[in-house]
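Participant: Here you go, entry_15.txt (compact mmCIF, N, CA and C atoms):
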```txt
# COMPACT_ATOMS: atom_id res chain seq x y z
N MET C 1 -64.32 -39.31 -27.99
CA MET C 1 -64.08 -40.15 -29.16
C MET C 1 -63.10 -39.47 -30.11
N GLU C 2 -63.31 -38.17 -30.36
CA GLU C 2 -62.43 -37.45 -31.27
C GLU C 2 -61.01 -37.40 -30.71
N GLY C 3 -60.87 -37.18 -29.40
CA GLY C 3 -59.56 -37.13 -28.78
C GLY C 3 -58.82 -38.45 -28.90
N GLU C 4 -59.54 -39.56 -28.76
CA GLU C 4 -58.93 -40.88 -28.88
C GLU C 4 -58.46 -41.13 -30.30
N GLN C 5 -59.28 -40.74 -31.28
CA GLN C 5 -58.87 -40.92 -32.68
C GLN C 5 -57.65 -40.05 -32.98
N SER C 6 -57.64 -38.85 -32.43
CA SER C 6 -56.52 -37.97 -32.62
C SER C 6 -55.24 -38.58 -32.05
N LEU C 7 -55.34 -39.21 -30.88
CA LEU C 7 -54.17 -39.87 -30.28
C LEU C 7 -53.71 -41.02 -31.16
N LYS C 8 -54.64 -41.83 -31.66
CA LYS C 8 -54.26 -42.94 -32.54
C LYS C 8 -53.58 -42.43 -33.80
N ASP C 9 -54.09 -41.32 -34.36
CA ASP C 9 -53.46 -40.73 -35.54
C ASP C 9 -52.05 -40.26 -35.23
N ARG C 10 -51.87 -39.64 -34.06
CA ARG C 10 -50.54 -39.16 -33.67
C ARG C 10 -49.58 -40.34 -33.46
N MET C 11 -50.10 -41.42 -32.89
CA MET C 11 -49.27 -42.60 -32.68
C MET C 11 -48.86 -43.20 -34.02
N LEU C 12 -49.76 -43.22 -34.98
CA LEU C 12 -49.45 -43.74 -36.31
C LEU C 12 -48.39 -42.88 -36.99
N VAL C 13 -48.53 -41.58 -36.93
CA VAL C 13 -47.54 -40.67 -37.51
C VAL C 13 -46.18 -40.89 -36.85
N GLU C 14 -46.18 -41.01 -35.53
CA GLU C 14 -44.93 -41.24 -34.79
C GLU C 14 -44.28 -42.56 -35.19
N ALA C 15 -45.10 -43.60 -35.34
CA ALA C 15 -44.58 -44.91 -35.76
C ALA C 15 -43.89 -44.79 -37.12
N LEU C 16 -44.52 -44.10 -38.04
CA LEU C 16 -43.93 -43.95 -39.38
C LEU C 16 -42.64 -43.12 -39.31
N GLU C 17 -42.60 -42.10 -38.47
CA GLU C 17 -41.38 -41.31 -38.32
C GLU C 17 -40.25 -42.17 -37.75
N ARG C 18 -40.57 -43.00 -36.77
CA ARG C 18 -39.55 -43.89 -36.19
C ARG C 18 -39.07 -44.90 -37.22
N MET C 19 -39.98 -45.39 -38.04
CA MET C 19 -39.60 -46.36 -39.08
C MET C 19 -38.61 -45.73 -40.05
N VAL C 20 -38.81 -44.46 -40.38
CA VAL C 20 -37.87 -43.76 -41.27
C VAL C 20 -36.50 -43.66 -40.60
N ILE C 21 -36.47 -43.23 -39.34
CA ILE C 21 -35.20 -43.09 -38.61
C ILE C 21 -34.48 -44.44 -38.52
N LEU C 22 -35.23 -45.49 -38.26
CA LEU C 22 -34.64 -46.83 -38.13
C LEU C 22 -34.18 -47.39 -39.48
N GLY C 23 -34.66 -46.80 -40.57
CA GLY C 23 -34.28 -47.28 -41.90
C GLY C 23 -35.10 -48.46 -42.37
N VAL C 24 -36.32 -48.59 -41.84
CA VAL C 24 -37.21 -49.67 -42.28
C VAL C 24 -37.47 -49.49 -43.78
N SER C 25 -37.52 -50.59 -44.49
CA SER C 25 -37.68 -50.54 -45.95
C SER C 25 -38.92 -49.75 -46.35
N LEU C 26 -38.83 -49.09 -47.48
CA LEU C 26 -39.95 -48.32 -48.03
C LEU C 26 -41.17 -49.22 -48.24
N GLU C 27 -40.93 -50.44 -48.67
CA GLU C 27 -42.01 -51.41 -48.88
C GLU C 27 -42.77 -51.66 -47.58
N ASP C 28 -42.06 -51.90 -46.50
CA ASP C 28 -42.71 -52.18 -45.21
C ASP C 28 -43.40 -50.95 -44.66
N ARG C 29 -42.77 -49.78 -44.81
CA ARG C 29 -43.41 -48.54 -44.34
C ARG C 29 -44.70 -48.27 -45.11
N GLY C 30 -44.66 -48.49 -46.41
CA GLY C 30 -45.84 -48.25 -47.24
C GLY C 30 -46.97 -49.19 -46.88
N SER C 31 -46.66 -50.45 -46.70
CA SER C 31 -47.67 -51.44 -46.34
C SER C 31 -48.29 -51.12 -44.98
N PHE C 32 -47.46 -50.73 -44.02
CA PHE C 32 -47.96 -50.37 -42.69
C PHE C 32 -48.85 -49.13 -42.78
N SER C 33 -48.41 -48.14 -43.54
CA SER C 33 -49.16 -46.90 -43.67
C SER C 33 -50.50 -47.11 -44.37
N GLU C 34 -50.50 -47.91 -45.42
CA GLU C 34 -51.71 -48.08 -46.24
C GLU C 34 -52.70 -49.07 -45.65
N THR C 35 -52.22 -50.18 -45.09
CA THR C 35 -53.13 -51.23 -44.65
C THR C 35 -53.05 -51.55 -43.16
N GLY C 36 -52.05 -51.00 -42.47
CA GLY C 36 -51.86 -51.32 -41.06
C GLY C 36 -51.14 -52.64 -40.83
N ALA C 37 -50.63 -53.26 -41.92
CA ALA C 37 -49.92 -54.52 -41.81
C ALA C 37 -48.61 -54.31 -41.05
N ILE C 38 -48.42 -55.07 -39.98
CA ILE C 38 -47.21 -54.95 -39.17
C ILE C 38 -46.08 -55.72 -39.85
N PRO C 39 -44.99 -55.02 -40.21
CA PRO C 39 -43.86 -55.73 -40.81
C PRO C 39 -43.28 -56.73 -39.82
N LYS C 40 -42.89 -57.90 -40.35
CA LYS C 40 -42.31 -58.94 -39.50
C LYS C 40 -40.99 -59.43 -40.08
N VAL C 41 -40.05 -59.67 -39.18
CA VAL C 41 -38.76 -60.21 -39.55
C VAL C 41 -38.51 -61.45 -38.70
N PHE C 42 -37.99 -62.50 -39.34
CA PHE C 42 -37.57 -63.69 -38.63
C PHE C 42 -36.05 -63.72 -38.66
N VAL C 43 -35.45 -63.88 -37.48
CA VAL C 43 -33.99 -63.87 -37.37
C VAL C 43 -33.53 -65.21 -36.80
N ASN C 44 -32.61 -65.85 -37.51
CA ASN C 44 -31.95 -67.05 -37.02
C ASN C 44 -30.50 -66.63 -36.72
N HIS C 45 -30.24 -66.35 -35.44
CA HIS C 45 -28.92 -65.83 -35.05
C HIS C 45 -27.81 -66.85 -35.30
N LYS C 46 -28.09 -68.14 -35.07
CA LYS C 46 -27.06 -69.16 -35.25
C LYS C 46 -26.59 -69.23 -36.70
N GLU C 47 -27.54 -69.19 -37.63
CA GLU C 47 -27.19 -69.28 -39.05
C GLU C 47 -26.96 -67.91 -39.69
N ARG C 48 -27.12 -66.85 -38.87
CA ARG C 48 -26.91 -65.48 -39.34
C ARG C 48 -27.79 -65.16 -40.54
N LYS C 49 -29.08 -65.53 -40.42
CA LYS C 49 -30.05 -65.28 -41.49
C LYS C 49 -31.17 -64.37 -40.99
N VAL C 50 -31.55 -63.44 -41.85
CA VAL C 50 -32.65 -62.51 -41.57
C VAL C 50 -33.61 -62.59 -42.74
N GLN C 51 -34.88 -62.84 -42.45
CA GLN C 51 -35.88 -62.98 -43.51
C GLN C 51 -37.12 -62.17 -43.20
N ARG C 52 -37.65 -61.50 -44.24
CA ARG C 52 -38.94 -60.84 -44.12
C ARG C 52 -40.00 -61.94 -44.22
N ARG C 53 -40.96 -61.91 -43.31
CA ARG C 53 -42.06 -62.87 -43.34
C ARG C 53 -43.36 -62.14 -43.08
N GLU C 54 -44.44 -62.73 -43.50
CA GLU C 54 -45.74 -62.16 -43.21
C GLU C 54 -46.19 -62.63 -41.83
N ALA C 55 -46.69 -61.70 -41.03
CA ALA C 55 -47.19 -62.06 -39.71
C ALA C 55 -48.42 -62.95 -39.85
N THR C 56 -48.48 -64.01 -39.08
CA THR C 56 -49.63 -64.91 -39.11
C THR C 56 -50.80 -64.24 -38.38
N ASP C 57 -51.99 -64.79 -38.56
CA ASP C 57 -53.16 -64.27 -37.85
C ASP C 57 -52.94 -64.32 -36.34
N GLU C 58 -52.32 -65.40 -35.86
CA GLU C 58 -52.06 -65.54 -34.43
C GLU C 58 -51.09 -64.47 -33.94
N GLU C 59 -50.08 -64.16 -34.74
CA GLU C 59 -49.11 -63.13 -34.34
C GLU C 59 -49.75 -61.74 -34.33
N VAL C 60 -50.60 -61.47 -35.32
CA VAL C 60 -51.31 -60.19 -35.35
C VAL C 60 -52.22 -60.09 -34.12
N GLU C 61 -52.92 -61.17 -33.80
CA GLU C 61 -53.79 -61.18 -32.62
C GLU C 61 -52.98 -60.96 -31.35
N MET C 62 -51.79 -61.57 -31.25
CA MET C 62 -50.92 -61.36 -30.10
C MET C 62 -50.55 -59.88 -29.98
N CYS C 63 -50.19 -59.25 -31.10
CA CYS C 63 -49.85 -57.82 -31.09
C CYS C 63 -51.03 -56.99 -30.63
N ARG C 64 -52.21 -57.28 -31.14
CA ARG C 64 -53.42 -56.51 -30.77
C ARG C 64 -53.73 -56.67 -29.28
N LYS C 65 -53.52 -57.89 -28.76
CA LYS C 65 -53.76 -58.14 -27.34
C LYS C 65 -52.83 -57.26 -26.49
N TRP C 66 -51.55 -57.25 -26.84
CA TRP C 66 -50.60 -56.44 -26.08
C TRP C 66 -50.88 -54.95 -26.27
N GLU C 67 -51.28 -54.55 -27.48
CA GLU C 67 -51.61 -53.14 -27.71
C GLU C 67 -52.73 -52.70 -26.75
N GLU C 68 -53.75 -53.52 -26.66
CA GLU C 68 -54.89 -53.17 -25.80
C GLU C 68 -54.48 -53.15 -24.32
N GLU C 69 -53.73 -54.16 -23.92
CA GLU C 69 -53.34 -54.25 -22.51
C GLU C 69 -52.36 -53.16 -22.10
N LYS C 70 -51.39 -52.87 -22.95
CA LYS C 70 -50.32 -51.93 -22.59
C LYS C 70 -50.55 -50.51 -23.13
N LYS C 71 -51.60 -50.32 -23.91
CA LYS C 71 -51.94 -49.00 -24.46
C LYS C 71 -50.85 -48.44 -25.36
N PHE C 72 -50.39 -49.28 -26.30
CA PHE C 72 -49.43 -48.81 -27.28
C PHE C 72 -49.80 -49.31 -28.67
N LEU C 73 -49.07 -48.83 -29.67
CA LEU C 73 -49.28 -49.21 -31.07
C LEU C 73 -48.03 -49.95 -31.56
N VAL C 74 -48.20 -51.20 -31.96
CA VAL C 74 -47.09 -51.99 -32.49
C VAL C 74 -46.88 -51.63 -33.95
N TYR C 75 -45.63 -51.32 -34.32
CA TYR C 75 -45.35 -50.99 -35.71
C TYR C 75 -44.29 -51.90 -36.35
N TYR C 76 -43.75 -52.84 -35.56
CA TYR C 76 -42.74 -53.74 -36.12
C TYR C 76 -42.64 -54.97 -35.24
N LEU C 77 -42.46 -56.14 -35.85
CA LEU C 77 -42.43 -57.41 -35.13
C LEU C 77 -41.18 -58.18 -35.52
N ILE C 78 -40.42 -58.60 -34.51
CA ILE C 78 -39.20 -59.38 -34.74
C ILE C 78 -39.37 -60.71 -34.01
N GLN C 79 -39.16 -61.80 -34.73
CA GLN C 79 -39.22 -63.13 -34.12
C GLN C 79 -37.81 -63.70 -34.10
N ASP C 80 -37.35 -64.11 -32.92
CA ASP C 80 -36.03 -64.72 -32.80
C ASP C 80 -35.94 -65.46 -31.47
N GLU C 81 -34.74 -65.71 -31.02
CA GLU C 81 -34.53 -66.35 -29.73
C GLU C 81 -33.74 -65.41 -28.83
N GLY C 82 -34.16 -65.36 -27.56
CA GLY C 82 -33.42 -64.60 -26.57
C GLY C 82 -32.46 -65.53 -25.85
N LEU C 83 -31.64 -64.95 -25.00
CA LEU C 83 -30.62 -65.72 -24.30
C LEU C 83 -30.74 -65.48 -22.80
N TRP C 84 -30.97 -66.56 -22.05
CA TRP C 84 -30.98 -66.47 -20.59
C TRP C 84 -29.54 -66.32 -20.10
N PRO C 85 -29.34 -65.79 -18.89
CA PRO C 85 -27.99 -65.64 -18.35
C PRO C 85 -27.20 -66.96 -18.28
N ASP C 86 -27.91 -68.10 -18.18
CA ASP C 86 -27.20 -69.39 -18.10
C ASP C 86 -26.81 -69.93 -19.48
N GLY C 87 -27.10 -69.17 -20.53
CA GLY C 87 -26.71 -69.59 -21.87
C GLY C 87 -27.81 -70.30 -22.65
N CYS C 88 -28.90 -70.65 -22.00
CA CYS C 88 -30.02 -71.30 -22.70
C CYS C 88 -30.81 -70.25 -23.49
N THR C 89 -31.43 -70.67 -24.57
CA THR C 89 -32.22 -69.76 -25.38
C THR C 89 -33.71 -69.98 -25.15
N PHE C 90 -34.49 -68.99 -25.55
CA PHE C 90 -35.95 -69.08 -25.45
C PHE C 90 -36.57 -68.35 -26.64
N PRO C 91 -37.71 -68.85 -27.13
CA PRO C 91 -38.38 -68.17 -28.25
C PRO C 91 -38.98 -66.86 -27.78
N ARG C 92 -38.81 -65.80 -28.59
CA ARG C 92 -39.34 -64.51 -28.21
C ARG C 92 -39.80 -63.72 -29.43
N TYR C 93 -40.64 -62.76 -29.15
CA TYR C 93 -41.03 -61.75 -30.12
C TYR C 93 -40.64 -60.40 -29.54
N THR C 94 -40.13 -59.54 -30.38
CA THR C 94 -39.84 -58.17 -30.00
C THR C 94 -40.82 -57.29 -30.75
N LEU C 95 -41.64 -56.55 -30.01
CA LEU C 95 -42.64 -55.66 -30.58
C LEU C 95 -42.14 -54.23 -30.44
N LEU C 96 -41.80 -53.58 -31.55
CA LEU C 96 -41.46 -52.16 -31.49
C LEU C 96 -42.77 -51.41 -31.42
N TYR C 97 -42.84 -50.43 -30.53
CA TYR C 97 -44.12 -49.77 -30.29
C TYR C 97 -43.97 -48.27 -30.08
N VAL C 98 -45.11 -47.59 -30.19
CA VAL C 98 -45.25 -46.19 -29.82
C VAL C 98 -46.29 -46.17 -28.71
N ASP C 99 -45.96 -45.50 -27.60
CA ASP C 99 -46.91 -45.44 -26.50
C ASP C 99 -47.77 -44.18 -26.60
N GLU C 100 -48.60 -43.99 -25.61
CA GLU C 100 -49.56 -42.88 -25.63
C GLU C 100 -48.99 -41.57 -25.10
N TYR C 101 -47.72 -41.55 -24.71
CA TYR C 101 -47.13 -40.37 -24.11
C TYR C 101 -46.51 -39.46 -25.17
N VAL C 102 -47.38 -38.68 -25.80
CA VAL C 102 -47.02 -37.83 -26.92
C VAL C 102 -45.88 -36.88 -26.57
N ASN C 103 -45.83 -36.38 -25.35
CA ASN C 103 -44.79 -35.43 -24.95
C ASN C 103 -43.39 -36.05 -24.97
N ASP C 104 -43.30 -37.38 -24.99
CA ASP C 104 -42.00 -38.06 -25.00
C ASP C 104 -41.49 -38.37 -26.41
N TYR C 105 -42.31 -38.17 -27.43
CA TYR C 105 -41.96 -38.60 -28.79
C TYR C 105 -40.64 -37.99 -29.28
N LYS C 106 -40.48 -36.70 -29.10
CA LYS C 106 -39.25 -36.04 -29.58
C LYS C 106 -38.03 -36.60 -28.86
N PHE C 107 -38.12 -36.77 -27.54
CA PHE C 107 -37.01 -37.31 -26.76
C PHE C 107 -36.65 -38.71 -27.26
N VAL C 108 -37.65 -39.55 -27.47
CA VAL C 108 -37.39 -40.93 -27.92
C VAL C 108 -36.65 -40.91 -29.25
N LYS C 109 -37.11 -40.09 -30.19
CA LYS C 109 -36.47 -40.06 -31.52
C LYS C 109 -35.05 -39.49 -31.44
N GLU C 110 -34.90 -38.35 -30.76
CA GLU C 110 -33.62 -37.64 -30.74
C GLU C 110 -32.59 -38.29 -29.81
N LYS C 111 -32.99 -38.65 -28.61
CA LYS C 111 -32.04 -39.15 -27.61
C LYS C 111 -31.90 -40.67 -27.64
N SER C 112 -33.01 -41.37 -27.65
CA SER C 112 -32.92 -42.84 -27.60
C SER C 112 -32.48 -43.42 -28.94
N ILE C 113 -33.27 -43.16 -29.98
CA ILE C 113 -33.00 -43.82 -31.26
C ILE C 113 -31.78 -43.24 -31.95
N LYS C 114 -31.78 -41.92 -32.20
CA LYS C 114 -30.68 -41.32 -32.97
C LYS C 114 -29.36 -41.28 -32.18
N ALA C 115 -29.41 -40.83 -30.94
CA ALA C 115 -28.17 -40.64 -30.18
C ALA C 115 -27.63 -41.93 -29.56
N CYS C 116 -28.52 -42.80 -29.09
CA CYS C 116 -28.08 -43.99 -28.35
C CYS C 116 -28.26 -45.30 -29.11
N GLY C 117 -28.96 -45.28 -30.23
CA GLY C 117 -29.18 -46.52 -30.97
C GLY C 117 -30.06 -47.51 -30.23
N ALA C 118 -31.00 -46.97 -29.44
CA ALA C 118 -31.90 -47.83 -28.67
C ALA C 118 -33.34 -47.46 -29.01
N VAL C 119 -34.20 -48.45 -29.07
CA VAL C 119 -35.60 -48.22 -29.43
C VAL C 119 -36.51 -48.90 -28.41
N PRO C 120 -37.62 -48.22 -28.02
CA PRO C 120 -38.56 -48.85 -27.10
C PRO C 120 -39.17 -50.11 -27.71
N ALA C 121 -39.24 -51.15 -26.90
CA ALA C 121 -39.77 -52.43 -27.38
C ALA C 121 -40.44 -53.17 -26.22
N PHE C 122 -41.32 -54.07 -26.59
CA PHE C 122 -41.91 -54.97 -25.62
C PHE C 122 -41.45 -56.36 -26.01
N ILE C 123 -40.77 -57.03 -25.11
CA ILE C 123 -40.23 -58.36 -25.37
C ILE C 123 -41.22 -59.39 -24.84
N VAL C 124 -41.74 -60.22 -25.75
CA VAL C 124 -42.68 -61.27 -25.37
C VAL C 124 -41.91 -62.58 -25.28
N ASN C 125 -41.78 -63.09 -24.07
CA ASN C 125 -41.11 -64.36 -23.84
C ASN C 125 -42.15 -65.46 -24.02
N MET C 126 -42.02 -66.25 -25.08
CA MET C 126 -43.02 -67.26 -25.41
C MET C 126 -42.94 -68.47 -24.47
N GLU C 127 -41.79 -68.69 -23.88
CA GLU C 127 -41.60 -69.82 -22.97
C GLU C 127 -42.06 -69.48 -21.55
N GLU C 128 -41.78 -68.27 -21.12
CA GLU C 128 -42.14 -67.79 -19.77
C GLU C 128 -42.87 -66.45 -19.92
N PRO C 129 -44.16 -66.48 -20.28
CA PRO C 129 -44.89 -65.23 -20.55
C PRO C 129 -44.82 -64.21 -19.41
N ASP C 130 -44.71 -64.66 -18.17
CA ASP C 130 -44.62 -63.73 -17.05
C ASP C 130 -43.31 -62.94 -17.06
N CYS C 131 -42.35 -63.37 -17.84
CA CYS C 131 -41.07 -62.67 -17.96
C CYS C 131 -41.07 -61.66 -19.10
N SER C 132 -42.20 -61.50 -19.77
CA SER C 132 -42.31 -60.49 -20.83
C SER C 132 -42.19 -59.10 -20.21
N GLU C 133 -41.56 -58.17 -20.96
CA GLU C 133 -41.30 -56.86 -20.36
C GLU C 133 -41.04 -55.78 -21.39
N ARG C 134 -41.24 -54.54 -20.95
CA ARG C 134 -40.85 -53.38 -21.75
C ARG C 134 -39.34 -53.21 -21.59
N ALA C 135 -38.70 -52.74 -22.65
CA ALA C 135 -37.26 -52.52 -22.61
C ALA C 135 -36.88 -51.52 -23.69
N GLU C 136 -35.67 -51.05 -23.64
CA GLU C 136 -35.08 -50.34 -24.77
C GLU C 136 -34.03 -51.28 -25.31
N ILE C 137 -34.16 -51.63 -26.57
CA ILE C 137 -33.23 -52.59 -27.16
C ILE C 137 -32.27 -51.89 -28.12
N SER C 138 -31.08 -52.45 -28.24
CA SER C 138 -30.20 -52.02 -29.31
C SER C 138 -30.65 -52.78 -30.55
N TYR C 139 -30.50 -52.16 -31.69
CA TYR C 139 -31.00 -52.76 -32.92
C TYR C 139 -29.96 -52.62 -34.03
N GLN C 140 -30.17 -53.37 -35.08
CA GLN C 140 -29.34 -53.26 -36.28
C GLN C 140 -30.26 -53.31 -37.48
N ASN C 141 -29.92 -52.53 -38.49
CA ASN C 141 -30.66 -52.54 -39.75
C ASN C 141 -29.89 -53.42 -40.72
N VAL C 142 -30.56 -54.44 -41.25
CA VAL C 142 -29.97 -55.33 -42.24
C VAL C 142 -30.80 -55.22 -43.51
N ASP C 143 -30.33 -54.43 -44.46
CA ASP C 143 -31.03 -54.23 -45.72
C ASP C 143 -32.49 -53.81 -45.54
N GLY C 144 -32.74 -52.88 -44.62
CA GLY C 144 -34.08 -52.37 -44.38
C GLY C 144 -34.91 -53.18 -43.42
N LEU C 145 -34.33 -54.25 -42.87
CA LEU C 145 -34.99 -55.09 -41.89
C LEU C 145 -34.34 -54.84 -40.53
N ILE C 146 -35.15 -54.69 -39.49
CA ILE C 146 -34.63 -54.37 -38.16
C ILE C 146 -34.53 -55.63 -37.34
N ILE C 147 -33.38 -55.81 -36.67
CA ILE C 147 -33.20 -56.97 -35.79
C ILE C 147 -32.83 -56.51 -34.39
N ASN C 148 -33.21 -57.32 -33.41
CA ASN C 148 -32.94 -57.06 -32.01
C ASN C 148 -31.52 -57.52 -31.70
N MET C 149 -30.66 -56.61 -31.27
CA MET C 149 -29.28 -56.95 -30.95
C MET C 149 -29.04 -57.08 -29.44
N SER C 150 -30.12 -56.98 -28.66
CA SER C 150 -29.99 -57.06 -27.19
C SER C 150 -30.07 -58.50 -26.73
```
Any chance you could give the structure as structure tokens?

Facilitator:
Amino acid sequence: MEGEQSLKDRMLVEALERMVILGVSLEDRGSFSETGAIPKVFVNHKERKVQRREATDEEVEMCRKWEEEKKFLVYYLIQDEGLWPDGCTFPRYTLLYVDEYVNDYKFVKEKSIKACGAVPAFIVNMEEPDCSERAEISYQNVDGLIINMS
């Protein structure tokens, strides 16, 4: 039990460190740190609009379900549309997460995020759930809000 709590604490610390590197707003980092509230961003790529929104109960439940199934901690939620190779779009959520592999944390921060501009994410395809997958996405910071550029 103590070891599991220790892992969860390490995952939380890692999530906050990644949020700092990504440039997540101080407001969102504080809320996540204090209450566990997952910051959410809604992106409308066509209209080029990015909005901070509160995650609904259903979205929080979706994150918790994936956390349990995939053994990771979600620290950021992006709602937007993905693009199929044929040009059609599909509704998706991008869950930025920290996994249980503590030995990889330094590599992820130094090589993936800082050096390559890529962050580990789980892409939830709302139209075709079986197509949901882990990925490293390119991201952009828009006034402290993170968007999926992949």

Participant: Go through C:Ile38, C:Met62, C:Met126, C:Val74 and flag the residue nearest Thr89 of chain C, using only C-alpha atoms for the distances.

Facilitator: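 So, comparing all the options, the nearest one is C:Met126.
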
Participant: Taking only C-alpha atoms into account, which of C:Ile78, C:Met19, C:Ile137, C:Leu73 comes nearest Glu100 of chain C?

Facilitator: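 Looking at the shortest contact to Glu100 of chain C, the residue is C:Leu73.
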
Participant: Mind pulling up the distance from atom N of His45 of chain C to atom C of Ile123 of chain C?

Facilitator: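 Between atom C of Ile123 of chain C and atom N of His45 of chain C the gap is 16.8 Å.
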
Participant: Set the distance at 5 Å and use all atoms listed in the file: which residues neighbour Tyr76 of chain C once local chain neighbours fewer than 4 positions away are removed? I'd like the list as a PDB file with N, CA and C atoms, in the frame of the given file.

Facilitator:
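Contents of out-v3.pdb, freshly written:
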```
ATOM      1  N   PRO C  39     -44.990 -55.020 -40.210  1.00  0.00           N
ATOM      2  CA  PRO C  39     -43.860 -55.730 -40.810  1.00  0.00           C
ATOM      3  C   PRO C  39     -43.280 -56.730 -39.820  1.00  0.00           C
ATOM      4  N   LEU C  95     -41.640 -56.550 -30.010  1.00  0.00           N
ATOM      5  CA  LEU C  95     -42.640 -55.660 -30.580  1.00  0.00           C
ATOM      6  C   LEU C  95     -42.140 -54.230 -30.440  1.00  0.00           C
ATOM      7  N   LEU C  96     -41.800 -53.580 -31.550  1.00  0.00           N
ATOM      8  CA  LEU C  96     -41.460 -52.160 -31.490  1.00  0.00           C
ATOM      9  C   LEU C  96     -42.770 -51.410 -31.420  1.00  0.00           C
TER      10      LEU C  96
END
```

Participant: Between atom N of Asn103 of chain C and atom CA of Val20 of chain C, what is the distance in Å, rounded to a tenth?

Facilitator: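 Rounded to one decimal, the two atoms are 19.3 Å apart.
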
Participant: What gap, in Å, lies between atom CA of Glu127 of chain C and atom N of Pro91 of chain C?

Facilitator: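 Interatomic distance, atom CA of Glu127 of chain C to atom N of Pro91 of chain C: 5.8 Å.
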
Participant: Would you compute the box with edges along x, y and z of the file around segment 12-27 of chain C, including every atom the file lists for it and 5 Å extra on each side, and give its centre and edge lengths in Å to one decimal, as AutoDock Vina command-line options?

Facilitator:
```
--center_x -42.0 --center_y -46.2 --center_z -41.8 --size_x 25.6 --size_y 21.0 --size_z 24.1
```

Participant: Out of C:Val24, C:Val108, C:Ala115, C:Met149, which residue has the shortest atom-to-atom distance to Val43 of chain C when counting only C-alpha atoms?

Facilitator: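 Distance minimum relative to Val43 of chain C lands on C:Met149.
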
Participant: I'd like to know which of C:Cys116, C:Cys131, C:Val41, C:Leu22 is closest to Trp84 of chain C, using only C-alpha atoms.

Facilitator: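 Closest to Trp84 of chain C of all the choices is C:Cys131.
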
Participant: May I ask which of the residues C:Ser132, C:Ser112, C:Ser33, C:Gln79 is the closest one to Met11 of chain C, counting only C-alpha atoms?

Facilitator: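 Using only C-alpha atoms, the shortest distance to Met11 of chain C belongs to C:Ser33.
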
Participant: Would you please give, as an MDAnalysis selection string, all residues of segment 49-120 of chain C that DSSP assigns to helix (DSSP H, G or I) based on the backbone?

Facilitator: chainID C and resid 57:70 102:116

Participant: For Thr35 of chain C, which of C:Leu12, C:Val102, C:Cys63, C:Val142 is the closest residue, counting only C-alpha atoms?

Facilitator: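 Going through C:Leu12, C:Val102, C:Cys63, C:Val142 one by one, the smallest distance to Thr35 of chain C is for C:Leu12.
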
Participant: Give the strand (DSSP E) residues of segment 40-144 of chain C, as DSSP finds them on the backbone, and put them as an MDAnalysis selection string.

Facilitator: chainID C and resid 40:44 49:53 72:83 89:99 118:125 133:142
